[in-house]
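S.K.: CSV, C-alpha atoms, saved as upload.csv, coming up:
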```csv
chain,number,residue,atom,x,y,z
T,1,MET,CA,109.1,-25.9,26.4
T,2,ASN,CA,109.8,-23.9,29.6
T,3,ALA,CA,108.9,-20.6,27.9
T,4,ARG,CA,105.6,-22.0,26.7
T,5,LEU,CA,104.9,-23.5,30.1
T,6,LYS,CA,105.5,-20.1,31.7
T,7,VAL,CA,103.1,-18.4,29.3
T,8,ILE,CA,100.4,-21.0,30.0
T,9,CYS,CA,100.9,-20.6,33.8
T,10,ILE,CA,100.6,-16.8,33.6
T,11,LEU,CA,97.4,-17.1,31.5
T,12,PHE,CA,96.1,-19.7,34.0
T,13,SER,CA,96.8,-17.3,36.9
T,14,ILE,CA,95.1,-14.4,35.2
T,15,ALA,CA,92.0,-16.5,34.3
T,16,TYR,CA,91.9,-18.0,37.8
T,17,LEU,CA,92.1,-14.6,39.6
T,18,PHE,CA,89.4,-13.3,37.2
T,19,ALA,CA,87.0,-16.2,37.9
T,20,ILE,CA,87.5,-16.1,41.6
T,21,GLY,CA,87.0,-12.3,41.6
T,22,GLN,CA,83.7,-12.7,39.8
T,23,TYR,CA,82.6,-15.3,42.3
T,24,PHE,CA,83.4,-13.1,45.3
T,25,LEU,CA,81.7,-10.1,43.7
T,26,GLU,CA,78.5,-12.1,43.0
T,27,HIS,CA,78.2,-14.4,46.0
T,28,VAL,CA,80.4,-13.3,48.9
T,29,THR,CA,79.8,-9.5,48.9
T,30,VAL,CA,76.8,-8.8,51.2
T,31,ASP,CA,75.0,-5.5,51.7
T,32,ILE,CA,74.9,-5.1,55.5
T,33,ASN,CA,74.7,-1.3,55.6
T,34,ALA,CA,71.0,-1.1,55.0
T,35,GLY,CA,68.8,-1.0,58.0
T,36,HIS,CA,71.4,0.8,60.1
T,37,ASN,CA,71.2,4.2,58.4
T,38,ASN,CA,69.2,6.1,60.9
T,39,ALA,CA,67.0,5.7,63.9
T,40,GLU,CA,63.9,7.0,62.2
T,41,GLU,CA,63.6,3.9,59.9
T,42,GLN,CA,64.0,1.7,62.9
T,43,SER,CA,61.3,3.5,64.9
T,44,GLU,CA,58.9,3.3,61.9
T,45,SER,CA,59.5,-0.4,61.6
T,46,GLU,CA,58.9,-1.0,65.3
T,47,VAL,CA,55.6,0.9,65.0
T,48,ASP,CA,54.5,-1.1,62.0
T,49,ALA,CA,55.5,-4.3,63.8
T,50,GLY,CA,53.6,-3.3,66.9
T,51,ASP,CA,50.5,-2.5,64.8
T,52,ASP,CA,50.5,-5.8,63.0
T,53,LYS,CA,47.2,-7.6,63.6
T,54,SER,CA,48.9,-11.0,63.5
T,55,GLY,CA,51.1,-10.0,66.4
T,56,VAL,CA,54.3,-11.0,64.6
T,57,GLN,CA,57.2,-8.8,65.5
T,58,ALA,CA,60.3,-8.0,63.4
T,59,SER,CA,63.8,-8.6,64.6
T,60,ALA,CA,66.5,-5.9,65.1
T,61,GLU,CA,67.9,-6.6,61.6
T,62,LEU,CA,65.9,-4.1,59.4
T,63,ASN,CA,65.8,-3.3,55.7
T,64,VAL,CA,68.6,-5.6,54.6
T,65,THR,CA,68.8,-6.0,50.8
T,66,TYR,CA,68.4,-9.5,49.3
T,67,ASP,CA,68.9,-10.5,45.7
T,68,PHE,CA,66.9,-13.6,44.5
T,69,GLY,CA,65.1,-15.1,41.6
T,70,ILE,CA,61.3,-15.1,41.3
T,71,LYS,CA,58.8,-16.9,39.0
T,72,PRO,CA,55.0,-17.1,38.8
T,73,VAL,CA,53.1,-20.2,39.9
T,74,LYS,CA,51.3,-22.2,37.3
T,75,GLY,CA,48.5,-20.4,35.6
T,76,ILE,CA,49.8,-16.9,36.6
T,77,GLY,CA,51.4,-14.5,34.2
T,78,PRO,CA,55.0,-13.3,34.7
T,79,LEU,CA,55.9,-10.3,36.7
T,80,SER,CA,56.4,-7.6,34.1
T,81,THR,CA,56.9,-3.9,33.5
T,82,THR,CA,57.0,-1.7,30.4
T,83,LEU,CA,59.8,0.7,29.4
T,84,VAL,CA,60.3,2.9,26.3
T,85,ASN,CA,63.1,1.9,24.0
T,86,ARG,CA,64.8,5.3,23.3
T,87,LYS,CA,66.3,3.9,20.1
T,88,THR,CA,63.0,3.2,18.5
T,89,GLY,CA,60.6,5.2,20.7
T,90,ASN,CA,58.4,2.1,21.1
T,91,PRO,CA,57.4,0.6,24.5
T,92,VAL,CA,59.0,-2.8,25.4
T,93,ASP,CA,57.4,-5.3,27.8
T,94,LEU,CA,60.0,-6.8,30.2
T,95,GLU,CA,59.5,-10.0,32.1
T,96,ILE,CA,61.2,-9.8,35.6
T,97,SER,CA,62.9,-13.0,36.8
T,98,GLU,CA,65.3,-11.5,39.4
T,99,VAL,CA,64.6,-8.9,42.0
T,100,SER,CA,66.4,-7.0,44.7
T,101,ALA,CA,64.2,-6.3,47.8
T,102,LYS,CA,64.6,-5.0,51.3
T,103,SER,CA,62.9,-6.6,54.3
T,104,GLU,CA,63.2,-7.2,58.0
T,105,ILE,CA,63.5,-10.6,59.5
T,106,LEU,CA,60.6,-11.7,61.6
T,107,LYS,CA,61.4,-13.0,65.1
T,108,SER,CA,59.5,-16.2,64.4
T,109,ALA,CA,62.0,-17.0,61.6
T,110,SER,CA,65.2,-15.3,62.9
T,111,GLY,CA,66.5,-18.5,64.6
T,112,ARG,CA,66.1,-20.6,61.5
T,113,VAL,CA,67.6,-17.9,59.3
T,114,MET,CA,70.7,-17.5,61.5
T,115,PHE,CA,71.2,-21.3,61.6
T,116,VAL,CA,71.1,-21.4,57.8
T,117,ARG,CA,73.4,-18.4,57.5
T,118,ASN,CA,76.0,-20.0,59.8
T,119,LEU,CA,75.9,-23.2,57.9
T,120,GLY,CA,76.3,-21.2,54.6
T,121,LEU,CA,79.3,-19.4,56.2
T,122,PHE,CA,80.9,-22.8,56.8
T,123,PHE,CA,80.6,-23.6,53.1
T,124,HIS,CA,82.0,-20.2,52.2
T,125,ILE,CA,85.0,-20.8,54.3
T,126,LEU,CA,85.5,-24.2,52.7
T,127,ILE,CA,85.3,-22.6,49.3
T,128,VAL,CA,88.0,-20.1,50.3
T,129,VAL,CA,90.3,-23.0,51.5
T,130,ILE,CA,89.8,-24.7,48.2
T,131,ILE,CA,90.6,-21.5,46.3
T,132,ILE,CA,93.9,-21.4,48.1
T,133,TYR,CA,94.5,-25.2,47.9
T,134,ILE,CA,94.2,-25.5,44.1
T,135,PRO,CA,96.8,-23.0,43.1
T,136,ALA,CA,99.2,-24.4,45.7
T,137,LEU,CA,98.9,-27.9,44.2
T,138,SER,CA,99.1,-26.5,40.7
T,139,PHE,CA,102.3,-24.6,41.5
T,140,ARG,CA,104.0,-27.7,42.9
T,141,THR,CA,102.9,-29.8,39.8
T,142,VAL,CA,104.1,-27.2,37.4
T,143,ARG,CA,107.4,-26.9,39.2
T,144,SER,CA,107.9,-30.6,39.0
T,145,ILE,CA,107.1,-30.6,35.3
T,146,ASN,CA,109.5,-27.7,34.7
T,147,ARG,CA,112.2,-30.0,36.2
T,148,ASN,CA,111.3,-32.6,33.5
T,149,VAL,CA,109.7,-34.8,36.2
T,150,ILE,CA,106.5,-35.6,34.3
T,151,PHE,CA,105.7,-39.3,34.7
T,152,ASP,CA,105.7,-39.4,38.5
T,153,VAL,CA,103.3,-40.8,41.0
T,154,LYS,CA,103.4,-37.6,43.1
T,155,ASN,CA,102.3,-35.5,40.1
T,156,ILE,CA,99.4,-37.9,39.6
T,157,ARG,CA,98.3,-37.6,43.2
T,158,ARG,CA,98.5,-33.8,43.0
T,159,ILE,CA,96.4,-33.7,39.8
T,160,ARG,CA,93.9,-36.1,41.3
T,161,ARG,CA,93.6,-33.9,44.4
T,162,ILE,CA,93.0,-30.9,42.2
T,163,GLY,CA,90.1,-32.8,40.6
T,164,TYR,CA,88.7,-33.7,44.0
T,165,ALA,CA,89.0,-30.2,45.2
T,166,LEU,CA,87.1,-28.9,42.2
T,167,LEU,CA,84.3,-31.4,42.9
T,168,VAL,CA,84.2,-30.4,46.6
T,169,GLY,CA,84.1,-26.7,45.5
T,170,PHE,CA,81.2,-27.5,43.2
T,171,VAL,CA,79.3,-29.2,46.0
T,172,SER,CA,80.1,-26.4,48.4
T,173,MET,CA,78.9,-23.7,46.0
T,174,MET,CA,75.7,-25.6,45.4
T,175,MET,CA,75.1,-26.0,49.1
T,176,SER,CA,75.8,-22.3,49.7
T,177,GLU,CA,73.3,-21.3,47.0
T,178,CYS,CA,70.7,-23.8,48.3
T,179,LEU,CA,71.1,-22.5,51.9
T,180,SER,CA,70.8,-18.9,50.6
T,181,SER,CA,67.5,-19.8,48.9
T,182,ILE,CA,66.2,-21.4,52.0
T,183,ALA,CA,67.1,-18.3,54.1
T,184,ILE,CA,65.4,-16.0,51.6
T,185,ARG,CA,62.3,-18.3,51.6
T,186,GLU,CA,62.1,-17.8,55.4
T,187,ILE,CA,62.1,-14.0,54.9
T,188,PHE,CA,59.9,-13.6,51.8
T,189,GLU,CA,56.6,-15.1,50.6
T,190,PHE,CA,54.6,-13.7,47.7
T,191,GLU,CA,51.1,-14.3,46.5
T,192,ASN,CA,51.0,-16.0,43.1
T,193,PHE,CA,54.9,-16.0,42.9
T,194,GLU,CA,57.5,-18.4,44.2
T,195,ILE,CA,61.2,-18.2,44.9
T,196,PRO,CA,63.0,-21.0,43.0
T,197,PHE,CA,66.3,-22.5,44.1
T,198,SER,CA,69.1,-20.8,42.2
T,199,PHE,CA,71.5,-22.9,40.1
T,200,PRO,CA,74.3,-20.7,38.8
T,201,GLU,CA,75.9,-21.8,35.5
T,202,ALA,CA,79.4,-21.0,36.8
T,203,ASN,CA,79.1,-23.8,39.3
T,204,THR,CA,78.8,-26.4,36.5
T,205,MET,CA,82.2,-25.3,35.3
T,206,PHE,CA,83.8,-26.5,38.5
T,207,LEU,CA,82.0,-29.9,38.0
T,208,LEU,CA,83.2,-30.1,34.4
T,209,PHE,CA,86.8,-29.1,35.1
T,210,GLY,CA,86.9,-31.5,38.1
T,211,LEU,CA,85.9,-34.5,36.0
T,212,VAL,CA,88.3,-33.5,33.2
T,213,VAL,CA,91.2,-33.2,35.7
T,214,LEU,CA,90.3,-36.6,37.2
T,215,LEU,CA,90.2,-38.1,33.7
T,216,PHE,CA,93.6,-36.6,32.9
T,217,ALA,CA,95.0,-38.0,36.1
T,218,GLU,CA,93.8,-41.5,35.2
T,219,ILE,CA,95.3,-41.2,31.7
T,220,LEU,CA,98.6,-40.1,33.2
T,221,LYS,CA,98.5,-43.0,35.6
T,222,ILE,CA,98.0,-45.5,32.7
T,223,SER,CA,100.9,-43.8,30.9
T,224,VAL,CA,103.2,-44.2,33.9
T,225,LYS,CA,102.3,-47.9,34.1
T,226,MET,CA,103.0,-48.4,30.4
T,227,LYS,CA,106.4,-46.5,30.8
T,228,GLU,CA,107.3,-48.7,33.8
T,229,GLU,CA,106.5,-51.9,31.8
T,230,GLN,CA,108.5,-50.7,28.9
T,231,ASP,CA,111.5,-49.9,31.1
T,232,LEU,CA,111.3,-53.5,32.6
T,233,THR,CA,111.1,-55.0,29.1
T,234,VAL,CA,114.1,-53.1,28.0
```
Please express the file's structure as structure tokens.

M.R.:
Amino acid sequence: MNARLKVICILFSIAYLFAIGQYFLEHVTVDINAGHNNAEEQSESEVDAGDDKSGVQASAELNVTYDFGIKPVKGIGPLSTTLVNRKTGNPVDLEISEVSAKSEILKSASGRVMFVRNLGLFFHILIVVIIIYIPALSFRTVRSINRNVIFDVKNIRRIRRIGYALLVGFVSMMMSECLSSIAIREIFEFENFEIPFSFPEANTMFLLFGLVVLLFAEILKISVKMKEEQDLTV
């Protein structure tokens, strides 16, 4: 039993590290190098901002890259392009649903964008805390099981806390994505196209696993009560 438990723990650790690595690569890594490459780009942007008829000026943060989804409004065709498939030699029409664009932040929106970013940073920190908290509880639970202490109230509490942590992680990720969409909407606005709120499929896995873990904790709680009643009967 101990050998099988160790193998499962190793596989869990590998899968957990892979999932967390994917999350950080997709959501936490931010390109902040653009816009600070040379003074020539900054001077050109200042000239363009000064010549703007509306009188709106850009902030000092220039040419930062943003990744976001895009979709046409009702009645408008999708954003598309055509590429040649080298396998067949025939052109293929592609519908573009996600884009990567560079833009400066207007001074009129910079305050709101910074507030939303700071709030999003709070949820990122909360996610990091949960990422550390879940393995710590899992290790203590596995160590207890390895000592043949299975039907124990402390294990139930730890498993229940893991479930709650997964649900909090789900909410934090959703809030982080929502705030990111709000910030991007403050920076970009396109004619005939809108920027939808993103809903990554990976976040739903945290919700699913959280509910499954809570269900398992309740089943284990019932089992502990049945064992206690059986011991009293004997």

S.K.: Measuring atom to atom with only C-alpha atoms, identify which of T:Tyr16, T:Phe139, T:Phe68, T:Tyr164 is nearest to Leu214 of chain T.

M.R.: T:Tyr164

S.K.: Any idea what's packed within 12 Å of Ile150 of chain T, counting only C-alpha atoms, ignoring anything in its chain fewer than 2 positions away? Could you give it as an NGL selection string?

M.R.: :T and (140-148 or 152-156 or 158-159 or 217 or 220-221 or 223-224 or 227)

S.K.: Of the candidates T:Ala136, T:Glu177, T:Gly89, T:Ala3, which shows the shortest atom-to-atom distance to Asp67 of chain T, using only C-alpha atoms?

M.R.: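 So, comparing all the options, the nearest one is T:Glu177.
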
S.K.: Looking at T:Glu186, T:Asp231, T:Glu218, T:Glu194, which one is nearest to Ser110 of chain T, with distances taken over all atoms listed in the file?

M.R.: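 Of T:Glu186, T:Asp231, T:Glu218, T:Glu194, the one nearest Ser110 of chain T, counting all atoms listed in the file, is T:Glu186.
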
S.K.: Would you work out the distance separating atom CA of Gly69 of chain T from atom CA of Phe188 of chain T, expressed in Å to one decimal?

M.R.: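 Here the two named atoms are 11.5 Å from each other.
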
S.K.: Report, in Å to a single decimal, how far apart atom CA of Met205 of chain T and atom CA of Arg4 of chain T are.

M.R.: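 So the answer is 25.1 Å.
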
S.K.: Keeping just all heavy atoms, export segment 90-106 of chain T of this structure as a compact mmCIF listing (two decimals), in the first residue's frame.

M.R.:
```
# COMPACT_ATOMS: atom_id res chain seq x y z
N ASN T 90 -3.76 25.08 -51.79
CA ASN T 90 -5.01 25.83 -51.87
C ASN T 90 -5.08 26.89 -50.77
O ASN T 90 -4.57 26.69 -49.66
CB ASN T 90 -6.21 24.89 -51.72
CG ASN T 90 -6.28 23.87 -52.84
OD1 ASN T 90 -5.93 24.18 -53.99
ND2 ASN T 90 -6.71 22.66 -52.53
N PRO T 91 -5.73 28.03 -51.05
CA PRO T 91 -5.89 29.06 -50.01
C PRO T 91 -6.90 28.61 -48.96
O PRO T 91 -7.87 27.92 -49.26
CB PRO T 91 -6.38 30.27 -50.80
CG PRO T 91 -7.04 29.70 -52.01
CD PRO T 91 -6.28 28.46 -52.35
N VAL T 92 -6.66 29.02 -47.72
CA VAL T 92 -7.53 28.68 -46.61
C VAL T 92 -7.94 29.96 -45.90
O VAL T 92 -7.09 30.78 -45.55
CB VAL T 92 -6.83 27.73 -45.61
CG1 VAL T 92 -7.74 27.42 -44.43
CG2 VAL T 92 -6.41 26.44 -46.30
N ASP T 93 -9.24 30.14 -45.71
CA ASP T 93 -9.76 31.30 -44.99
C ASP T 93 -9.71 31.03 -43.49
O ASP T 93 -10.23 30.01 -43.01
CB ASP T 93 -11.19 31.61 -45.41
CG ASP T 93 -11.26 32.07 -46.86
OD1 ASP T 93 -10.28 32.67 -47.33
OD2 ASP T 93 -12.28 31.80 -47.52
N LEU T 94 -9.09 31.93 -42.74
CA LEU T 94 -8.95 31.79 -41.29
C LEU T 94 -9.76 32.86 -40.59
O LEU T 94 -9.70 34.03 -40.96
CB LEU T 94 -7.48 31.92 -40.88
CG LEU T 94 -6.49 30.97 -41.56
CD1 LEU T 94 -5.08 31.28 -41.07
CD2 LEU T 94 -6.84 29.52 -41.26
N GLU T 95 -10.53 32.45 -39.59
CA GLU T 95 -11.27 33.39 -38.76
C GLU T 95 -10.46 33.67 -37.50
O GLU T 95 -10.08 32.76 -36.77
CB GLU T 95 -12.65 32.83 -38.38
CG GLU T 95 -13.58 32.69 -39.57
CD GLU T 95 -14.96 32.24 -39.16
OE1 GLU T 95 -15.18 32.08 -37.93
OE2 GLU T 95 -15.82 32.05 -40.04
N ILE T 96 -10.17 34.94 -37.25
CA ILE T 96 -9.32 35.35 -36.13
C ILE T 96 -10.20 35.66 -34.92
O ILE T 96 -11.08 36.51 -34.98
CB ILE T 96 -8.48 36.58 -36.51
CG1 ILE T 96 -7.59 36.24 -37.72
CG2 ILE T 96 -7.63 37.03 -35.33
CD1 ILE T 96 -6.83 37.43 -38.26
N SER T 97 -9.96 34.93 -33.82
CA SER T 97 -10.72 35.15 -32.59
C SER T 97 -9.86 35.69 -31.46
O SER T 97 -10.38 36.20 -30.48
CB SER T 97 -11.38 33.83 -32.13
OG SER T 97 -10.39 32.84 -31.91
N GLU T 98 -8.52 35.57 -31.57
CA GLU T 98 -7.61 36.09 -30.56
C GLU T 98 -6.51 36.89 -31.25
O GLU T 98 -6.02 36.49 -32.32
CB GLU T 98 -6.99 34.97 -29.73
CG GLU T 98 -8.01 34.23 -28.88
CD GLU T 98 -7.36 33.18 -27.99
OE1 GLU T 98 -6.12 33.04 -28.08
OE2 GLU T 98 -8.08 32.53 -27.23
N VAL T 99 -6.13 37.99 -30.65
CA VAL T 99 -5.13 38.86 -31.26
C VAL T 99 -4.09 39.25 -30.21
O VAL T 99 -4.32 39.14 -29.00
CB VAL T 99 -5.77 40.14 -31.86
CG1 VAL T 99 -6.73 39.79 -32.98
CG2 VAL T 99 -6.47 40.95 -30.78
N SER T 100 -2.95 39.72 -30.69
CA SER T 100 -1.90 40.29 -29.85
C SER T 100 -1.58 41.66 -30.42
O SER T 100 -1.16 41.77 -31.58
CB SER T 100 -0.67 39.38 -29.85
OG SER T 100 0.36 39.93 -29.06
N ALA T 101 -1.82 42.70 -29.64
CA ALA T 101 -1.69 44.07 -30.16
C ALA T 101 -0.88 44.93 -29.19
O ALA T 101 -0.85 44.68 -27.98
CB ALA T 101 -3.07 44.68 -30.37
N LYS T 102 -0.23 45.93 -29.75
CA LYS T 102 0.53 46.91 -28.97
C LYS T 102 -0.20 48.25 -28.97
O LYS T 102 -0.74 48.67 -29.98
CB LYS T 102 1.93 47.09 -29.55
CG LYS T 102 2.84 45.89 -29.39
CD LYS T 102 4.23 46.19 -29.91
CE LYS T 102 5.16 44.99 -29.72
NZ LYS T 102 6.54 45.27 -30.21
N SER T 103 -0.19 48.88 -27.82
CA SER T 103 -0.84 50.18 -27.72
C SER T 103 -0.34 50.91 -26.48
O SER T 103 0.16 50.30 -25.54
CB SER T 103 -2.36 50.04 -27.66
OG SER T 103 -2.97 51.30 -27.51
N GLU T 104 -0.46 52.22 -26.50
CA GLU T 104 -0.15 53.03 -25.34
C GLU T 104 -1.42 53.19 -24.50
O GLU T 104 -2.52 52.94 -24.96
CB GLU T 104 0.37 54.40 -25.75
CG GLU T 104 -0.66 55.30 -26.43
CD GLU T 104 -0.81 55.00 -27.91
OE1 GLU T 104 -0.16 54.05 -28.39
OE2 GLU T 104 -1.58 55.70 -28.57
N ILE T 105 -1.24 53.60 -23.25
CA ILE T 105 -2.37 53.87 -22.37
C ILE T 105 -2.64 55.36 -22.36
O ILE T 105 -1.75 56.17 -22.10
CB ILE T 105 -2.09 53.38 -20.93
CG1 ILE T 105 -1.87 51.87 -20.93
CG2 ILE T 105 -3.24 53.73 -20.01
CD1 ILE T 105 -1.55 51.32 -19.56
N LEU T 106 -3.86 55.75 -22.65
CA LEU T 106 -4.22 57.16 -22.62
C LEU T 106 -4.27 57.66 -21.19
O LEU T 106 -4.64 56.94 -20.27
CB LEU T 106 -5.59 57.36 -23.30
CG LEU T 106 -5.68 56.91 -24.76
CD1 LEU T 106 -7.08 57.16 -25.29
CD2 LEU T 106 -4.66 57.64 -25.62
```
